[in-house]
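File shown: coords.txt (compact mmCIF, C-alpha atoms).
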```txt
# COMPACT_ATOMS: atom_id res chain seq x y z
CA MET I 1 151.01 80.45 68.55
CA SER I 2 148.79 83.07 70.15
CA ASP I 3 149.98 86.15 72.06
CA SER I 4 149.08 84.60 75.42
CA PRO I 5 151.56 82.49 77.39
CA LEU I 6 151.69 78.86 76.26
CA ILE I 7 151.07 76.31 78.99
CA VAL I 8 151.77 72.71 78.07
CA LEU I 9 149.58 70.57 80.34
CA GLY I 10 150.98 67.07 80.74
CA VAL I 11 148.48 64.54 82.04
CA THR I 12 149.71 61.18 83.31
CA GLY I 13 148.10 57.89 84.33
CA SER I 14 146.49 58.63 87.67
CA ILE I 15 142.88 58.36 88.77
CA ALA I 16 143.19 62.13 89.29
CA ALA I 17 143.59 62.63 85.52
CA HIS I 18 139.91 63.59 85.26
CA ARG I 19 140.67 66.68 87.35
CA ALA I 20 143.09 67.87 84.66
CA ILE I 21 140.06 68.58 82.46
CA ASP I 22 139.06 71.32 84.93
CA VAL I 23 142.66 72.59 84.98
CA ALA I 24 142.64 72.92 81.18
CA SER I 25 139.24 74.63 81.24
CA GLN I 26 140.17 77.17 83.91
CA LEU I 27 143.51 78.03 82.32
CA THR I 28 141.87 78.55 78.93
CA LYS I 29 139.15 80.74 80.48
CA ALA I 30 141.93 82.78 82.12
CA GLY I 31 143.33 83.57 78.68
CA ARG I 32 146.22 81.12 78.54
CA ASP I 33 147.07 79.15 75.41
CA VAL I 34 146.82 75.54 76.64
CA ARG I 35 148.23 72.58 74.76
CA VAL I 36 147.63 69.14 76.27
CA VAL I 37 149.87 66.08 76.16
CA LEU I 38 148.27 62.83 77.37
CA THR I 39 150.46 59.84 78.18
CA ALA I 40 149.27 56.40 77.12
CA ASP I 41 148.45 55.61 80.75
CA ALA I 42 146.48 58.86 81.12
CA GLN I 43 144.29 57.74 78.23
CA ARG I 44 143.15 54.79 80.33
CA PHE I 45 141.44 57.37 82.59
CA VAL I 46 140.56 60.26 80.24
CA GLN I 47 140.08 60.77 76.51
CA PRO I 48 141.50 63.54 74.29
CA LEU I 49 138.08 64.95 73.26
CA PRO I 50 137.33 67.10 76.35
CA PHE I 51 140.87 68.52 76.30
CA ARG I 52 140.68 69.26 72.57
CA THR I 53 137.32 70.97 72.99
CA LEU I 54 138.32 73.04 76.03
CA SER I 55 141.81 74.02 74.84
CA ARG I 56 140.74 74.50 71.21
CA HIS I 57 143.88 72.63 70.07
CA PRO I 58 144.73 69.10 69.00
CA VAL I 59 145.87 66.87 71.86
CA VAL I 60 149.23 65.13 71.67
CA THR I 61 148.86 61.46 72.57
CA ASP I 62 151.95 59.98 70.97
CA LEU I 63 155.58 60.92 70.43
CA TYR I 64 154.99 60.68 66.70
CA ASP I 65 151.86 62.84 66.54
CA GLU I 66 152.56 65.47 63.93
CA GLU I 67 150.77 68.64 62.96
CA ASP I 68 151.30 70.65 59.81
CA GLY I 69 154.85 71.78 59.23
CA TRP I 70 158.20 70.14 59.53
CA ARG I 71 159.00 70.44 63.24
CA PRO I 72 158.08 67.48 65.45
CA THR I 73 155.14 68.55 67.61
CA HIS I 74 156.82 67.77 70.91
CA ILE I 75 159.83 69.91 69.91
CA ALA I 76 157.66 72.81 68.72
CA LEU I 77 155.77 72.79 72.02
CA ALA I 78 159.01 72.49 74.02
CA ASP I 79 160.43 75.49 72.15
CA ASP I 80 157.34 77.68 72.62
CA ALA I 81 156.23 76.78 76.15
CA THR I 82 156.20 79.34 78.94
CA LEU I 83 155.23 76.66 81.48
CA LEU I 84 155.21 72.88 81.53
CA LEU I 85 152.52 71.89 84.03
CA ILE I 86 152.25 68.18 84.81
CA ALA I 87 149.00 67.51 86.66
CA PRO I 88 148.62 64.82 87.80
CA ALA I 89 152.20 63.55 87.89
CA THR I 90 152.74 59.89 88.75
CA ALA I 91 155.80 58.41 90.45
CA ASN I 92 156.76 56.93 87.08
CA THR I 93 156.69 60.29 85.34
CA ILE I 94 158.62 61.99 88.14
CA ALA I 95 161.28 59.26 87.88
CA LYS I 96 161.50 59.66 84.10
CA LEU I 97 161.93 63.42 84.43
CA ALA I 98 164.65 63.05 87.08
CA LEU I 99 166.53 60.46 85.05
CA GLY I 100 166.18 62.28 81.74
CA LEU I 101 164.31 59.46 80.06
CA ALA I 102 162.41 60.41 76.91
CA ASP I 103 160.33 57.48 75.71
CA ASP I 104 157.00 59.24 75.11
CA ALA I 105 155.78 62.65 73.98
CA LEU I 106 155.62 64.16 77.48
CA SER I 107 159.04 63.02 78.68
CA ALA I 108 160.69 63.93 75.34
CA LEU I 109 159.07 67.37 75.48
CA ALA I 110 160.28 67.84 79.07
CA LEU I 111 163.84 66.93 78.12
CA ALA I 112 163.78 69.34 75.14
CA LEU I 113 162.09 72.17 77.06
CA ASN I 114 163.48 75.63 76.40
CA PRO I 115 165.60 76.81 79.33
CA GLU I 116 163.41 79.89 79.99
CA ALA I 117 160.29 77.78 80.60
CA ARG I 118 159.17 76.99 84.13
CA VAL I 119 158.10 73.52 85.27
CA LEU I 120 155.32 72.93 87.81
CA VAL I 121 154.57 69.38 88.92
CA ALA I 122 151.43 68.35 90.83
CA PRO I 123 151.98 64.78 92.12
CA ALA I 124 149.17 62.30 92.69
CA MET I 125 149.86 58.76 93.84
CA ASN I 126 149.62 56.27 96.67
CA GLY I 127 151.17 57.67 99.85
CA LYS I 128 153.74 54.89 100.13
CA MET I 129 154.82 55.61 96.58
CA TRP I 130 155.18 59.34 97.35
CA LEU I 131 157.15 58.69 100.55
CA HIS I 132 159.38 56.00 99.02
CA PRO I 133 163.06 57.03 99.14
CA ALA I 134 163.39 56.63 95.36
CA THR I 135 160.53 59.06 94.69
CA GLN I 136 161.82 61.50 97.29
CA GLN I 137 165.29 61.38 95.71
CA HIS I 138 163.78 62.06 92.26
CA VAL I 139 161.83 65.01 93.70
CA ALA I 140 165.02 66.37 95.30
CA THR I 141 166.86 66.03 92.00
CA LEU I 142 164.13 67.88 90.12
CA ARG I 143 163.93 70.61 92.74
CA SER I 144 167.68 71.11 92.43
CA ARG I 145 167.07 71.76 88.71
CA GLY I 146 164.45 74.41 89.44
CA VAL I 147 161.31 72.30 89.12
CA GLU I 148 158.53 73.45 91.44
CA PHE I 149 156.17 71.00 93.14
CA ILE I 150 152.65 71.78 94.31
CA GLY I 151 151.33 69.11 96.65
CA PRO I 152 150.48 66.40 97.17
CA GLU I 153 147.92 66.88 99.91
CA GLU I 154 146.62 64.53 102.57
CA GLY I 155 143.24 62.85 102.53
CA LEU I 156 141.43 59.74 101.39
CA LEU I 157 143.27 58.20 98.46
CA SER I 158 141.63 56.26 95.65
CA CYS I 159 143.44 53.11 96.84
CA GLY I 160 141.42 53.29 100.05
CA TYR I 161 144.24 54.51 102.27
CA GLU I 162 144.21 57.76 104.20
CA GLY I 163 147.34 59.88 103.90
CA ILE I 164 149.48 62.00 101.64
CA GLY I 165 149.25 61.56 97.88
CA ARG I 166 146.13 63.40 96.70
CA LEU I 167 146.35 65.83 93.82
CA TRP I 168 146.49 69.44 95.05
CA PRO I 169 143.12 71.23 94.62
CA VAL I 170 142.50 72.33 91.04
CA ASP I 171 141.99 75.99 92.02
CA GLY I 172 145.41 76.03 93.71
CA ILE I 173 147.15 74.43 90.73
CA VAL I 174 145.50 76.90 88.35
CA ALA I 175 146.34 79.89 90.56
CA ARG I 176 150.02 78.91 90.71
CA ALA I 177 150.17 78.27 86.95
CA LEU I 178 148.66 81.71 86.32
CA GLU I 179 151.21 83.31 88.66
CA LEU I 180 154.07 81.58 86.86
CA THR I 181 152.82 82.79 83.46
CA ALA I 182 151.82 86.32 84.45
CA ALA I 183 153.32 89.10 82.35
CA GLY I 184 156.04 91.12 83.96
```
Once you've parsed the file, please lay out its structure as structure tokens.
Amino acid sequence: MSDSPLIVLGVTGSIAAHRAIDVASQLTKAGRDVRVVLTADAQRFVQPLPFRTLSRHPVVTDLYDEEDGWRPTHIALADDATLLLIAPATANTIAKLALGLADDALSALALALNPEARVLVAPAMNGKMWLHPATQQHVATLRSRGVEFIGPEEGLLSCGYEGIGRLWPVDGIVARALELTAAG
């Protein structure tokens, strides 16, 4: 691990996943050590190659991805992370986090996260999904555990509707991640 704060960037299966490439790039340029975890659904929208190139690290795409050494990769990252940033975060991922489910690399990492690490979630989904009482209850549960949310914002959604659900602007997500990982 480098001397800079480790940000684990979780990318989930949203059309906004392509914007996470810019998040990874900007965080790396700002001197953060970025490690990316792509869910299986995220890989339907984006591939590991741009994240690997921009972060200069292998990308975790499976719970059983292993690097050199004996520690499972998701546990090593959970132990060393300063910040877990999930951008974009789908309703499914938010529900898994709230319920403590751990059936993929990202959700297992989140459940094993060291207690000193911060969690920042940037939702992106259909507005009805965001406003659904189940999603709102999951958000409330996560907030009560200290998870911070950034967004979503209002605008034209990829489903064709106008309303809340858009991923927060990349610059805003990056700025907040940098604040949360600033020394001091």
Exercise for the section: Find the residue from I:Ala124, I:Leu113, I:Ile150, I:Ala76 that sits nearest to Ala16 of chain I; use all atoms listed in the file when measuring. Expected result: I:Ala124
Just the residues within 12 Å of Leu120 of chain I, please, counting all atoms listed in the file, with nothing from its chain fewer than 3 positions along; format it as a short mmCIF file (atom, residue, chain, number, x, y, z; two decimals) with C-alpha atoms, keeping the file's coordinate frame.
```cif
data_model
loop_
_atom_site.label_atom_id
_atom_site.label_comp_id
_atom_site.auth_asym_id
_atom_site.auth_seq_id
_atom_site.Cartn_x
_atom_site.Cartn_y
_atom_site.Cartn_z
CA ILE I 7 151.07 76.31 78.99
CA VAL I 8 151.77 72.71 78.07
CA LEU I 9 149.58 70.57 80.34
CA GLY I 10 150.98 67.07 80.74
CA THR I 82 156.20 79.34 78.94
CA LEU I 83 155.23 76.66 81.48
CA LEU I 84 155.21 72.88 81.53
CA LEU I 85 152.52 71.89 84.03
CA ILE I 86 152.25 68.18 84.81
CA ALA I 87 149.00 67.51 86.66
CA PRO I 88 148.62 64.82 87.80
CA ALA I 89 152.20 63.55 87.89
CA ILE I 94 158.62 61.99 88.14
CA ALA I 110 160.28 67.84 79.07
CA ALA I 117 160.29 77.78 80.60
CA PRO I 123 151.98 64.78 92.12
CA VAL I 139 161.83 65.01 93.70
CA LEU I 142 164.13 67.88 90.12
CA ARG I 143 163.93 70.61 92.74
CA ARG I 145 167.07 71.76 88.71
CA GLY I 146 164.45 74.41 89.44
CA VAL I 147 161.31 72.30 89.12
CA GLU I 148 158.53 73.45 91.44
CA PHE I 149 156.17 71.00 93.14
CA ILE I 150 152.65 71.78 94.31
CA GLY I 151 151.33 69.11 96.65
CA TRP I 168 146.49 69.44 95.05
CA GLY I 172 145.41 76.03 93.71
CA ILE I 173 147.15 74.43 90.73
CA VAL I 174 145.50 76.90 88.35
CA ALA I 175 146.34 79.89 90.56
CA ARG I 176 150.02 78.91 90.71
CA ALA I 177 150.17 78.27 86.95
CA LEU I 178 148.66 81.71 86.32
CA GLU I 179 151.21 83.31 88.66
CA LEU I 180 154.07 81.58 86.86
CA THR I 181 152.82 82.79 83.46
#
```
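The shortest atom-to-atom distance to Val119 of chain I, with all atoms listed in the file taken into account, belongs to I:Ala78 out of I:His132, I:Asp103, I:Ala17, I:Ala78.
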Problem - Two-atom distance - atom CA of Met125 of chain I, atom CA of Leu167 of chain I (Å) - result: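 Interatomic distance, atom CA of Met125 of chain I to atom CA of Leu167 of chain I: 7.9 Å.
Residue nearest Gly160 of chain I within the list I:Gly31, I:Pro58, I:Gly13, I:Gly127: I:Gly127 [criterion: smallest interatomic distance, all atoms listed in the file].
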Problem - Shell of 7 Å around segment 48-53 of chain I, only C-alpha atoms, local chain residues under 3 positions omitted, as a PyMOL selection string - result: chain I and resi 21+24+36+56-59
Practice task
Grab the atom CA of Asp33 of chain I to atom CA of Leu6 of chain I distance for me, in Å with one decimal place.
Solution key: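 Taking atom CA of Asp33 of chain I and atom CA of Leu6 of chain I, their separation equals 4.7 Å.
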Problem - Surrounding residues of Leu99 of chain I excluding itself and chain neighbours under 6 positions, 12 Å, only C-alpha atoms, as a VMD selection string - result: chain I and resid 92 to 93 107 to 108 110 to 111 134 to 135 137 to 142 145
Problem - Atom pair atom CA of Arg32 of chain I / atom CA of Leu54 of chain I: separation (Å) - result: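 Answer for the atom CA of Arg32 of chain I to atom CA of Leu54 of chain I separation: 11.6 Å.
Of the listed residues (I:Thr90, I:Thr73, I:Thr39, I:Gln136), I:Thr90 comes nearest to Val121 of chain I; the distances count all atoms listed in the file.
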Enclose all atoms of segment 118-126 of chain I listed in the file in an axis-aligned box, grow every side by 4 Å, and hand back centre and edge lengths in Å to one decimal, as JSON.
```
{"center_x": 154.2, "center_y": 66.6, "center_z": 90.4, "size_x": 18.0, "size_y": 28.7, "size_z": 20.5}
```
8 Å contact set for Leu109 of chain I, all atoms listed in the file, chain neighbours under 4 positions out, as a PDB file with C-alpha atoms, keeping the file's coordinate frame:
```pdb
ATOM      1  CA  HIS I  74     156.820  67.770  70.910  1.00  0.00           C
ATOM      2  CA  ILE I  75     159.830  69.910  69.910  1.00  0.00           C
ATOM      3  CA  LEU I  77     155.770  72.790  72.020  1.00  0.00           C
ATOM      4  CA  ALA I  78     159.010  72.490  74.020  1.00  0.00           C
ATOM      5  CA  ALA I 102     162.410  60.410  76.910  1.00  0.00           C
ATOM      6  CA  ALA I 105     155.780  62.650  73.980  1.00  0.00           C
ATOM      7  CA  LEU I 113     162.090  72.170  77.060  1.00  0.00           C
TER       8      LEU I 113
END
```
Completion exercise
Of I:Lys96, I:Gln26, I:Gln43, I:Asp104, the one nearest to Asp62 of chain I when counting all atoms listed in the file is I:Asp104
Completion exercise
Across I:Arg71, I:Arg44, I:Lys29, I:Lys128, the smallest distance to Thr12 of chain I, with only C-alpha atoms counted, is shown by I:Arg44
Would you pull segment 63-102 of chain I out of the block just shown and save N, CA and C atoms as a CSV table (one decimal), in the first residue's frame?
```csv
chain,number,residue,atom,x,y,z
I,63,LEU,N,-15.6,-12.0,-6.1
I,63,LEU,CA,-15.3,-12.2,-4.7
I,63,LEU,C,-14.0,-13.1,-4.5
I,64,TYR,N,-13.8,-13.9,-5.5
I,64,TYR,CA,-12.7,-14.9,-5.4
I,64,TYR,C,-11.4,-14.4,-6.2
I,65,ASP,N,-11.4,-13.2,-6.6
I,65,ASP,CA,-10.2,-12.6,-7.2
I,65,ASP,C,-9.1,-12.6,-6.1
I,66,GLU,N,-8.0,-13.1,-6.4
I,66,GLU,CA,-6.9,-13.1,-5.5
I,66,GLU,C,-5.6,-12.5,-6.1
I,67,GLU,N,-4.9,-11.7,-5.3
I,67,GLU,CA,-3.6,-11.2,-5.7
I,67,GLU,C,-2.6,-12.1,-5.0
I,68,ASP,N,-1.3,-11.7,-5.1
I,68,ASP,CA,-0.3,-12.4,-4.3
I,68,ASP,C,-0.5,-12.3,-2.8
I,69,GLY,N,-0.1,-13.3,-2.1
I,69,GLY,CA,-0.2,-13.3,-0.7
I,69,GLY,C,-1.4,-14.2,-0.3
I,70,TRP,N,-1.6,-14.2,1.0
I,70,TRP,CA,-2.5,-15.2,1.6
I,70,TRP,C,-3.9,-14.6,1.9
I,71,ARG,N,-3.9,-13.2,2.1
I,71,ARG,CA,-5.2,-12.6,2.5
I,71,ARG,C,-6.1,-12.5,1.3
I,72,PRO,N,-7.4,-12.8,1.5
I,72,PRO,CA,-8.4,-12.6,0.4
I,72,PRO,C,-8.3,-11.1,0.0
I,73,THR,N,-8.4,-10.8,-1.2
I,73,THR,CA,-8.3,-9.4,-1.7
I,73,THR,C,-9.3,-8.5,-1.1
I,74,HIS,N,-10.6,-8.9,-1.0
I,74,HIS,CA,-11.6,-8.1,-0.5
I,74,HIS,C,-11.4,-7.8,1.0
I,75,ILE,N,-10.8,-8.7,1.7
I,75,ILE,CA,-10.5,-8.5,3.2
I,75,ILE,C,-9.3,-7.5,3.3
I,76,ALA,N,-8.2,-7.7,2.5
I,76,ALA,CA,-7.1,-6.8,2.5
I,76,ALA,C,-7.5,-5.4,2.2
I,77,LEU,N,-8.3,-5.2,1.2
I,77,LEU,CA,-8.8,-3.8,0.9
I,77,LEU,C,-9.7,-3.3,2.0
I,78,ALA,N,-10.6,-4.1,2.6
I,78,ALA,CA,-11.4,-3.7,3.7
I,78,ALA,C,-10.6,-3.2,4.9
I,79,ASP,N,-9.5,-3.9,5.1
I,79,ASP,CA,-8.6,-3.6,6.3
I,79,ASP,C,-7.9,-2.3,6.0
I,80,ASP,N,-7.5,-2.0,4.8
I,80,ASP,CA,-6.6,-0.9,4.5
I,80,ASP,C,-7.3,0.4,4.0
I,81,ALA,N,-8.6,0.3,3.7
I,81,ALA,CA,-9.3,1.4,3.2
I,81,ALA,C,-9.4,2.6,4.2
I,82,THR,N,-9.3,3.8,3.6
I,82,THR,CA,-9.6,5.0,4.4
I,82,THR,C,-11.0,5.4,4.1
I,83,LEU,N,-11.4,5.1,2.8
I,83,LEU,CA,-12.8,5.5,2.3
I,83,LEU,C,-13.3,4.4,1.4
I,84,LEU,N,-14.5,4.0,1.6
I,84,LEU,CA,-15.3,3.2,0.6
I,84,LEU,C,-16.2,4.1,-0.1
I,85,LEU,N,-16.0,4.4,-1.3
I,85,LEU,CA,-16.8,5.2,-2.2
I,85,LEU,C,-17.6,4.4,-3.2
I,86,ILE,N,-18.9,4.4,-3.1
I,86,ILE,CA,-19.7,3.6,-4.1
I,86,ILE,C,-20.4,4.6,-5.0
I,87,ALA,N,-19.9,4.6,-6.2
I,87,ALA,CA,-20.4,5.6,-7.2
I,87,ALA,C,-20.3,5.0,-8.6
I,88,PRO,N,-21.4,4.7,-9.2
I,88,PRO,CA,-22.8,4.8,-8.7
I,88,PRO,C,-23.2,3.7,-7.8
I,89,ALA,N,-24.2,4.0,-7.0
I,89,ALA,CA,-24.8,2.9,-6.1
I,89,ALA,C,-26.3,2.7,-6.5
I,90,THR,N,-26.6,1.5,-6.9
I,90,THR,CA,-27.9,1.1,-7.3
I,90,THR,C,-28.8,0.8,-6.0
I,91,ALA,N,-30.1,0.8,-6.2
I,91,ALA,CA,-31.0,0.4,-5.2
I,91,ALA,C,-30.7,-1.0,-4.6
I,92,ASN,N,-30.3,-1.9,-5.5
I,92,ASN,CA,-29.9,-3.2,-5.0
I,92,ASN,C,-28.7,-3.2,-4.1
I,93,THR,N,-27.7,-2.4,-4.5
I,93,THR,CA,-26.5,-2.4,-3.6
I,93,THR,C,-26.8,-1.7,-2.3
I,94,ILE,N,-27.6,-0.6,-2.3
I,94,ILE,CA,-27.9,0.0,-1.1
I,94,ILE,C,-28.7,-0.9,-0.2
I,95,ALA,N,-29.6,-1.7,-0.7
I,95,ALA,CA,-30.3,-2.7,0.1
I,95,ALA,C,-29.4,-3.8,0.7
I,96,LYS,N,-28.5,-4.2,-0.1
I,96,LYS,CA,-27.5,-5.2,0.4
I,96,LYS,C,-26.7,-4.7,1.5
I,97,LEU,N,-26.2,-3.4,1.4
I,97,LEU,CA,-25.5,-2.8,2.4
I,97,LEU,C,-26.3,-2.7,3.7
I,98,ALA,N,-27.5,-2.3,3.6
I,98,ALA,CA,-28.4,-2.1,4.8
I,98,ALA,C,-28.7,-3.4,5.5
I,99,LEU,N,-28.8,-4.4,4.7
I,99,LEU,CA,-29.2,-5.7,5.2
I,99,LEU,C,-28.0,-6.6,5.6
I,100,GLY,N,-26.8,-6.1,5.3
I,100,GLY,CA,-25.6,-6.8,5.7
I,100,GLY,C,-25.4,-8.1,4.8
I,101,LEU,N,-25.9,-8.0,3.6
I,101,LEU,CA,-25.7,-9.2,2.7
I,101,LEU,C,-24.3,-9.1,2.1
I,102,ALA,N,-23.7,-10.2,1.8
I,102,ALA,CA,-22.3,-10.2,1.3
I,102,ALA,C,-22.1,-11.3,0.3
```
